[in-house]
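Have a look at the structure below, then the notes.
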Amino acid sequence: MVPAALLAIILVGYDYYDRERTRLIRDSLSTARALSAAVDSELTAVKAALFALSTSPHLASGNLGAFHAQAVAAMKDQTFVNVILSDGSGRQLLNTFRPFGEPLPAQGDPGGMLRVFQTGAPLVTDLFKGRLTQANIIGVAVPVRIDGKIRYGLNAGLAPARLSALLGQQELPPGWIAVVLDRTGTIVARTHDAEQLVGKKGSRELVRRSQGEMREDAFDTRTVEGIPVLTVFSRSPVSGWTVGIGIPQRELMANLFSSIGRLFVVGFIALAAALGLAFALGRRFLRPA
């Protein structure tokens, strides 16, 4: 009876573990979707602010000095860190990181923001290094149309720290790790060690799966630090970016051992009671008349 009872306890424990793992994956995927939506909402808000700024009469009249002052004032209520106005060759006409009239970087296309001149549609870049600050930044660009033609590209820079703060607001359990990857698999934001890891590639398996056909998945892997985790991810259909959440395997195993331990205690008590009852009844039946 004892080996059979122990086996039953272990099997029930593993069944409980599987059910809890399934529930955890389901709940974590919901959290990843919510985080992905929050990131998309942040990027959409930047686009909306740029579109509003692109209607400035100073751009239509060519008074870029006045527009520079307007852009600086508008940034006080926004989350982006700078505003850039560029022409079709990629030459910066103004950058709020510098006073108007100061020399700015020559032609170039960091992050591919010149695509707004080709497509006429707003865009969000992957993570890149800004030409002035050489710091990691995310670019959001919208076209500026004057007399029906795209005259300028109006761009804003969003610091990765802003998105890391969004991840932190979710208040995940202390050991869990959340990360945002851009379309190239580069880490844009992270809840742990963001200062050291933003700008580097995510874990190989997460990058591979996030760039595959499935928009959501769950699998066992390791973080870039080598921590074994159960990973879930959700890729945004809007930005193409991926939010991943890593749940340390040690927490899952601790829950497994805890559930088996509780079942063992309950099973031991039940088995001891059954054996005690059997012993008492046996003595009663075997007692001489």
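Each chain in the structure tokens gets a letter, A, B and so on, in the order shown; residues start at 1 in every chain, and ligands are counted from 1 in the order they appear.
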
*Near A:Leu181, within 10 Å and counting only C-alpha atoms, which residues show up once chain neighbours fewer than 2 positions away are dropped, as a ChimeraX atom specification?*
/A:126-127,179,183-190,198-202,206-207,210,235,240-244

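For A:Glu102, the list of residues within 10 Å, based on only C-alpha atoms and with local chain neighbours fewer than 6 positions off taken out, reads A:Leu93, A:Leu94, A:Asn95.
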
Could you please take those selected residues and save C-alpha atoms as an mmCIF file, in the first residue's frame?
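After the write, out-v4.cif holds the following:
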```cif
data_model
loop_
_atom_site.group_PDB
_atom_site.id
_atom_site.type_symbol
_atom_site.label_atom_id
_atom_site.label_comp_id
_atom_site.auth_asym_id
_atom_site.auth_seq_id
_atom_site.Cartn_x
_atom_site.Cartn_y
_atom_site.Cartn_z
ATOM 1 C CA LEU A 93 17.208 71.106 -40.851
ATOM 2 C CA LEU A 94 16.653 71.399 -37.122
ATOM 3 C CA ASN A 95 17.073 69.253 -34.039
#
```

*Within 7 Å of stretch 138-143 of chain A, counting only C-alpha atoms, which residues show up once you throw out same-chain ones fewer than 5 positions away? Write them as JSON, numbers by chain, please.*
{"A": [47, 50, 51, 111, 113, 116, 117, 120, 121, 122, 123, 124, 125, 126, 127, 128, 150, 152, 153, 154, 155, 156, 157, 158, 159]}
